[in-house]
Amino acid sequence: MIPAPNEPAYDVVWPLGKPAYATRAPVERVANLNNKVIGETWDYLFRGEEWFPILREELTKRYPGIKFVTYDTFGNLHGPNQRELVAKVPDLLKKHKVDAVISAIGA
Amino acid sequence: MERCGVPSVSIISTGFLKQAAVVAKGLGLPDMAIAEFPGVPMTQSKEELRRQVVELLLPRVIAGLSKPLNLAAPVNEPVLPKPRDVVFSGTLDQVNDYFHEQNWSDGMPVVPPTLDRVEKFLRFTERDPQEVIGVCPPANREATVWNVAVNGVMAGCRPEYMPILLAVVEIICTPEYKVEDAGSTPGWESLITLSGPIIKQLGFNAGQGVMRVGRQPNTSIGRFLRMFIRNVAGFTHGPEGADKGSIGQSFLVVLAENEDAIAELGWQPYSVDRGFKAGENVVTVQSVVAISAPAYSQSERAEEHAALLADVIGERACGYWTAIGMCYANWHPLMILGPSIAAVFAKDGWSKDDIRQYFYEHVKIKASAAERYAYGAGLTGFRIANAVKEGLLPKAFHLSDDPDRLVPVFQKPEWMSIVVAGDAGRNQSRGYVCNHVQGVPTSRKVVLPGNWAALLAEYRGKLET
């Protein structure tokens with residue numbers, strides 16, 4: 001758009017804010033899931049009660065030594081007690097010696 | 001999980017991948033492992049669900065946990081502008097085009113945020129412009145006194161609204177407000193309710209057409225909140241937008257209480273219901289996911305008004321959505337009570353508590369209908385009996401195992417808000433349905449600068465001349 005000759009110009013500032021967290025890389029993956037402990041965290045949404053068991057069953061077929069700390073151990077992380085339960089997650093991961101986590105579900 | 005040093009994979013359905021990217025970036029983990037759940041899980045048959053899990057989801061979960069991540073090449077973090085940096089220069093049209101391109105606007109023209117305009121806003125607070133008020137998830141950008149002023153300018157606010165804008169942003173930055181869920185699929189909006197003498201001082205509309213756009217303070221402050229949530233929390237529809245409101249709704253103007261009507265009735269203002277002293281300027285923000293039909297109640301008797309309001313607002317508007325409130329053990333509907341209706345209640349000796357109690361006792365829903373509705377909304381793990389057993393819902397929700405037993409729509413009478421406002425010349429009220437734990441009513445006192453009266457005289461004088 002071509003400005004009219006006498007149209008004023010405005011010097012404007014940024015309306016956003018700086019990010020609170022610095023960027024970092026994810027932690028190292030688990031090379032082989034056999035004999036590993038897999039934690040499940042769930043928001044009790046979108047039929048997780050149906051497909052988590054299918055995932056467990058299929059992962060066990062491929063990795064017979066795999067173990068699961070099922071979602072009920074962590075509770076509903078998106079429910080009425082979200083903040084209290086999320087705060088307990090680090091201790092539960094340590095307590096159950098969890099090697100990796102399947103977190104669900106964004107839908 | 002990753003902060004605990006444990007590798008994780010997040011299962012995200014196809015329609016939510018864009019939102020997941022915003023969350024991941026906001027957490028500083030743009031390369032977070034994601035396993036896409038194909039399609040819409042709530043519409044798949046059992047067989048289809050199993051097939052999708054085995055054939056598509058499973059390999060993605062395995063890859064996310066065990067395959068070394070193909071991390072994006074490290075790039076230098078972009079240098080972000082400092083608050084006083086000029087990021088663009090141009091005419092009004094050029095500024096607006098630029099802000100639209102950057103997704104810094106709400107689709108309507110913005111007032112160019114020049115240093116001069118921002119400085120005028122900052123005169124109305126004694127806080128340091130660089131003070132970080134809080135962090136707004138999911139983008140996790142810092143909310144500062146400065147960017148409150150910038151967005152206030154853009155939304156068309158006047159400088160003297162700044163103390164209200166700050167109170168509003170303090171609220172949305174509190175963890176209990178859960179602004180991170182402001183882009184959830186129900187598409188809720190934040191509603192600002194205002195009490196106190198500042199209503200008259202700044203010329204808010206508390207009467208006829210109270211929830212219409214048109215009056216500058218009501219409208220521009222309502223617009224400001226939506227703009228701030230877009231720009232700082234990240235809820236835009238842009239390429240990096242986190243807004244997932246499936247149908248959504250537009251911003252709501254500020255609901256100003258009719259304190260003259262309240263005083264005439266001998267009732268306490270809404271601010272007192274919220275734990276403040278009468279006469280204090282108080283802002284309350286809460287979610288609104290739906291608005292009832294207008295409720296026209298007719299009678300000279302309070303009970304007949306209560307019955308009609310409970311039907312139109314309680315049962316018809318709140319009825320099904322209360323099921324989601326049950327899932328989260330949280331539920332705060334709001335009723336705007338027309339002044340003439342409030343007068344009938346007061347004449348018959350009813351208080352706001354009496355109205356709340358009536359709603360609690362008379363508005364019910366079948367337990368089976370609530371569970372079925374919650375299931376359809378995706379809360380597939382919810383059972384009322386379990387929630388009662390866990391102490392999340394009162395015992396009144398499980399007095400028998402009859403699936404068709406009636407349970408209260410209003411979980412606790414005191415959780416219902418009543419604000420007297422609207423057309424004094426009509427017999428209309430209206431219900432505003434909240435989105436349970438997301439956007440719970442949260443209040444803050446409006447902090448005015450010490451020289452408020454002088455500043456106001458200076459700025460309002462300019463307005464009037």
# chains A, B, ... in the order shown; residues from 1 in each chain; ligands from 1
$ residues_around --residues "A:Ile38" --least-positions-apart "5" --cutoff "12 Å" --atoms "only C-alpha atoms" --output "number ranges by chain"
A: 30, 32-33, 52, 55-56, 59-60, 63, 65-71, 93, 96-103; B: 1, 6-9, 61-62, 65-66
$ write_last_selection --atoms "N, CA and C atoms" --output "tab-separated table (two decimals), in the first residue's frame"
chain	number	residue	atom	x	y	z
A	30	VAL	N	15.97	-44.54	25.15
A	30	VAL	CA	16.32	-45.89	25.62
A	30	VAL	C	16.55	-46.74	24.37
A	32	ASN	N	16.99	-49.97	23.82
A	32	ASN	CA	16.21	-51.20	23.69
A	32	ASN	C	15.22	-51.26	24.85
A	33	LEU	N	13.96	-51.45	24.54
A	33	LEU	CA	12.93	-51.39	25.58
A	33	LEU	C	12.83	-52.69	26.39
A	52	PHE	N	-4.53	-48.11	26.07
A	52	PHE	CA	-3.32	-48.39	26.86
A	52	PHE	C	-3.11	-49.91	27.00
A	55	LEU	N	-1.63	-51.24	23.83
A	55	LEU	CA	-0.20	-50.90	23.73
A	55	LEU	C	0.64	-51.82	24.61
A	56	ARG	N	0.16	-52.04	25.85
A	56	ARG	CA	0.91	-52.92	26.77
A	56	ARG	C	1.07	-54.31	26.17
A	59	LEU	N	3.48	-54.22	23.15
A	59	LEU	CA	4.87	-53.97	23.55
A	59	LEU	C	5.45	-55.21	24.24
A	60	THR	N	4.62	-55.90	25.01
A	60	THR	CA	5.11	-57.10	25.71
A	60	THR	C	5.45	-58.20	24.71
A	63	TYR	N	8.83	-57.01	23.38
A	63	TYR	CA	9.89	-56.89	24.41
A	63	TYR	C	9.42	-57.67	25.65
A	65	GLY	N	10.57	-58.76	28.34
A	65	GLY	CA	10.97	-58.38	29.70
A	65	GLY	C	10.47	-57.01	30.13
A	66	ILE	N	9.70	-56.37	29.28
A	66	ILE	CA	9.25	-55.01	29.59
A	66	ILE	C	8.27	-55.02	30.77
A	67	LYS	N	8.34	-53.99	31.60
A	67	LYS	CA	7.40	-53.88	32.74
A	67	LYS	C	6.71	-52.51	32.65
A	68	PHE	N	5.53	-52.45	33.24
A	68	PHE	CA	4.76	-51.20	33.18
A	68	PHE	C	4.39	-50.71	34.57
A	69	VAL	N	4.51	-49.43	34.75
A	69	VAL	CA	3.90	-48.77	35.92
A	69	VAL	C	2.66	-48.08	35.36
A	70	THR	N	1.53	-48.66	35.60
A	70	THR	CA	0.32	-48.24	34.88
A	70	THR	C	-0.19	-46.87	35.37
A	71	TYR	N	-1.07	-46.31	34.55
A	71	TYR	CA	-1.49	-44.92	34.79
A	71	TYR	C	-2.18	-44.71	36.12
A	93	LEU	N	8.43	-41.54	39.71
A	93	LEU	CA	9.34	-42.05	38.67
A	93	LEU	C	10.57	-42.69	39.32
A	96	HIS	N	9.64	-46.04	41.36
A	96	HIS	CA	9.38	-47.21	40.52
A	96	HIS	C	10.48	-47.46	39.49
A	97	LYS	N	11.55	-46.67	39.59
A	97	LYS	CA	12.71	-46.83	38.70
A	97	LYS	C	12.28	-46.84	37.23
A	98	VAL	N	11.50	-45.85	36.88
A	98	VAL	CA	10.96	-45.78	35.52
A	98	VAL	C	12.07	-45.36	34.54
A	99	ASP	N	12.19	-46.10	33.45
A	99	ASP	CA	13.21	-45.80	32.44
A	99	ASP	C	12.69	-44.87	31.34
A	100	ALA	N	11.40	-44.93	31.06
A	100	ALA	CA	10.83	-44.10	30.00
A	100	ALA	C	9.33	-43.98	30.25
A	101	VAL	N	8.73	-42.95	29.67
A	101	VAL	CA	7.31	-42.68	29.95
A	101	VAL	C	6.53	-42.52	28.65
A	102	ILE	N	5.35	-43.14	28.65
A	102	ILE	CA	4.37	-42.86	27.58
A	102	ILE	C	3.34	-41.91	28.19
A	103	SER	N	3.21	-40.73	27.61
A	103	SER	CA	2.34	-39.71	28.17
A	103	SER	C	1.19	-39.46	27.21
B	1	MET	N	8.42	-35.01	32.54
B	1	MET	CA	9.21	-36.24	32.55
B	1	MET	C	10.65	-35.94	32.11
B	6	VAL	N	13.95	-38.32	32.43
B	6	VAL	CA	13.37	-39.57	31.91
B	6	VAL	C	12.86	-39.31	30.49
B	7	PRO	N	13.30	-40.11	29.50
B	7	PRO	CA	12.78	-39.89	28.14
B	7	PRO	C	11.29	-40.20	28.07
B	8	SER	N	10.60	-39.43	27.25
B	8	SER	CA	9.15	-39.65	27.16
B	8	SER	C	8.70	-39.48	25.72
B	9	VAL	N	7.55	-40.07	25.46
B	9	VAL	CA	6.88	-39.84	24.18
B	9	VAL	C	5.46	-39.41	24.51
B	61	VAL	N	5.24	-44.99	19.02
B	61	VAL	CA	5.59	-44.96	20.45
B	61	VAL	C	6.98	-45.55	20.64
B	62	ILE	N	7.21	-46.68	19.99
B	62	ILE	CA	8.53	-47.34	20.12
B	62	ILE	C	9.63	-46.42	19.60
B	65	LEU	N	10.41	-43.54	21.96
B	65	LEU	CA	11.14	-43.87	23.20
B	65	LEU	C	12.55	-44.37	22.94
B	66	SER	N	12.75	-45.02	21.80
B	66	SER	CA	14.03	-45.72	21.65
B	66	SER	C	14.89	-45.24	20.48
$ residues_around --residues "B:Leu379" --least-positions-apart "6" --cutoff "8 Å" --atoms "only C-alpha atoms" --output "list in words"
Tyr44, Leu45, Phe46 and Arg47 of chain A; Ile324 and Cys327 of chain B
$ interface_residues --of "chain B" --to "chain A" --cutoff "6 Å" --atoms "only C-alpha atoms" --output "number ranges by chain"
B: 6-13, 16, 28-29, 65-66, 68, 85-91, 113-114, 140-142, 147, 150, 231-232, 328-329, 378-381
$ write_last_selection --atoms "C-alpha atoms" --output "PDB file, in the first residue's frame"
ATOM      1  CA  VAL B   6      13.373 -39.568  31.906  1.00  0.00           C
ATOM      2  CA  PRO B   7      12.783 -39.895  28.145  1.00  0.00           C
ATOM      3  CA  SER B   8       9.154 -39.650  27.158  1.00  0.00           C
ATOM      4  CA  VAL B   9       6.880 -39.842  24.183  1.00  0.00           C
ATOM      5  CA  SER B  10       3.645 -37.860  24.053  1.00  0.00           C
ATOM      6  CA  ILE B  11       0.656 -39.351  22.276  1.00  0.00           C
ATOM      7  CA  ILE B  12      -1.143 -36.615  20.375  1.00  0.00           C
ATOM      8  CA  SER B  13      -4.090 -37.072  18.047  1.00  0.00           C
ATOM      9  CA  PHE B  16      -3.810 -31.465  18.076  1.00  0.00           C
ATOM     10  CA  GLY B  28      11.806 -25.172  25.794  1.00  0.00           C
ATOM     11  CA  LEU B  29      11.561 -28.636  24.238  1.00  0.00           C
ATOM     12  CA  LEU B  65      11.138 -43.872  23.198  1.00  0.00           C
ATOM     13  CA  SER B  66      14.030 -45.721  21.648  1.00  0.00           C
ATOM     14  CA  PRO B  68      17.729 -41.439  18.691  1.00  0.00           C
ATOM     15  CA  ASP B  85      12.835  -1.294  20.630  1.00  0.00           C
ATOM     16  CA  VAL B  86      10.913  -0.071  17.615  1.00  0.00           C
ATOM     17  CA  VAL B  87       9.996  -3.192  15.652  1.00  0.00           C
ATOM     18  CA  PHE B  88       8.251  -1.481  12.754  1.00  0.00           C
ATOM     19  CA  SER B  89       7.607   1.975  11.355  1.00  0.00           C
ATOM     20  CA  GLY B  90       4.785   2.798   9.013  1.00  0.00           C
ATOM     21  CA  THR B  91       1.417   4.386   8.447  1.00  0.00           C
ATOM     22  CA  PRO B 113       1.530   0.876  20.151  1.00  0.00           C
ATOM     23  CA  THR B 114       3.956   3.771  20.058  1.00  0.00           C
ATOM     24  CA  ASN B 140       5.103 -19.510  28.433  1.00  0.00           C
ATOM     25  CA  ARG B 141       5.890 -15.933  27.587  1.00  0.00           C
ATOM     26  CA  GLU B 142       6.400 -13.452  30.374  1.00  0.00           C
ATOM     27  CA  ASN B 147       3.380  -5.674  27.566  1.00  0.00           C
ATOM     28  CA  VAL B 150       1.277  -2.361  24.870  1.00  0.00           C
ATOM     29  CA  ASN B 231      -0.217 -12.609  22.066  1.00  0.00           C
ATOM     30  CA  VAL B 232       1.334 -13.689  25.355  1.00  0.00           C
ATOM     31  CA  TYR B 328     -13.409 -31.938  37.491  1.00  0.00           C
ATOM     32  CA  ALA B 329     -15.342 -31.457  40.772  1.00  0.00           C
ATOM     33  CA  GLY B 378     -13.830 -37.505  25.832  1.00  0.00           C
ATOM     34  CA  LEU B 379     -13.863 -38.034  29.613  1.00  0.00           C
ATOM     35  CA  THR B 380     -14.059 -41.750  29.108  1.00  0.00           C
ATOM     36  CA  GLY B 381     -12.552 -42.668  32.467  1.00  0.00           C
TER      37      GLY B 381
END
$ residues_around --residues "B:Tyr270" --least-positions-apart "5" --cutoff "9 Å" --atoms "only C-alpha atoms" --output "ChimeraX atom specification"
/B:193-195,257,259,275-276,278,282,417-420
$ select_by_dssp --residues "stretch 37-103 of chain A" --states "strand (DSSP E)" --output "count of residues only"
13
$ atom_distance --atom1 "atom CA of B:Phe224" --atom2 "atom CA of B:Ser246"
22.0 Å
$ residues_around --residues "stretch 151-157 of chain B" --least-positions-apart "4" --cutoff "8 Å" --atoms "only C-alpha atoms" --output "list in words"
Pro15 of chain A; Val110, Val111, Pro112, Pro113, Arg117, Val118, Phe121, Asn147, Tyr161, Met162, Leu165, Gln216, Pro217, Ser220, Ile221, Arg223, Phe224, Met227 and Phe228 of chain B
$ write_last_selection --atoms "C-alpha atoms" --output "mmCIF file, in the first residue's frame"
data_model
loop_
_atom_site.group_PDB
_atom_site.id
_atom_site.type_symbol
_atom_site.label_atom_id
_atom_site.label_comp_id
_atom_site.auth_asym_id
_atom_site.auth_seq_id
_atom_site.Cartn_x
_atom_site.Cartn_y
_atom_site.Cartn_z
ATOM 1 C CA PRO A 15 3.468 -6.745 21.936
ATOM 2 C CA VAL B 110 -5.242 -2.071 16.283
ATOM 3 C CA VAL B 111 -4.133 1.235 17.696
ATOM 4 C CA PRO B 112 -0.393 1.499 16.918
ATOM 5 C CA PRO B 113 1.530 0.876 20.151
ATOM 6 C CA ARG B 117 1.053 5.860 23.974
ATOM 7 C CA VAL B 118 2.566 3.125 26.122
ATOM 8 C CA PHE B 121 -0.589 3.908 30.284
ATOM 9 C CA ASN B 147 3.380 -5.674 27.566
ATOM 10 C CA TYR B 161 -7.914 1.568 32.379
ATOM 11 C CA MET B 162 -4.379 0.373 33.162
ATOM 12 C CA LEU B 165 -5.741 -4.371 32.949
ATOM 13 C CA GLN B 216 -15.474 2.024 25.408
ATOM 14 C CA PRO B 217 -14.325 0.668 28.796
ATOM 15 C CA SER B 220 -11.900 -2.336 24.915
ATOM 16 C CA ILE B 221 -10.987 -4.080 28.185
ATOM 17 C CA ARG B 223 -10.969 -7.042 23.752
ATOM 18 C CA PHE B 224 -7.684 -6.464 25.586
ATOM 19 C CA MET B 227 -5.658 -9.990 22.641
ATOM 20 C CA PHE B 228 -3.337 -10.549 25.596
#
$ select_by_dssp --residues "stretch 46-102 of chain A" --states "alpha helix (DSSP H)" --output "JSON, numbers by chain"
{"A": [48, 49, 50, 51, 52, 53, 54, 55, 56, 57, 58, 59, 60, 61, 62, 71, 72, 73, 74, 82, 83, 84, 85, 86, 87, 88, 89, 90, 91, 92, 93, 94, 95]}
$ atom_distance --atom1 "atom CA of B:Leu393" --atom2 "atom CA of B:Leu309"
24.5 Å
$ atom_distance --atom1 "atom CA of B:Glu264" --atom2 "atom CA of B:Tyr360"
26.5 Å
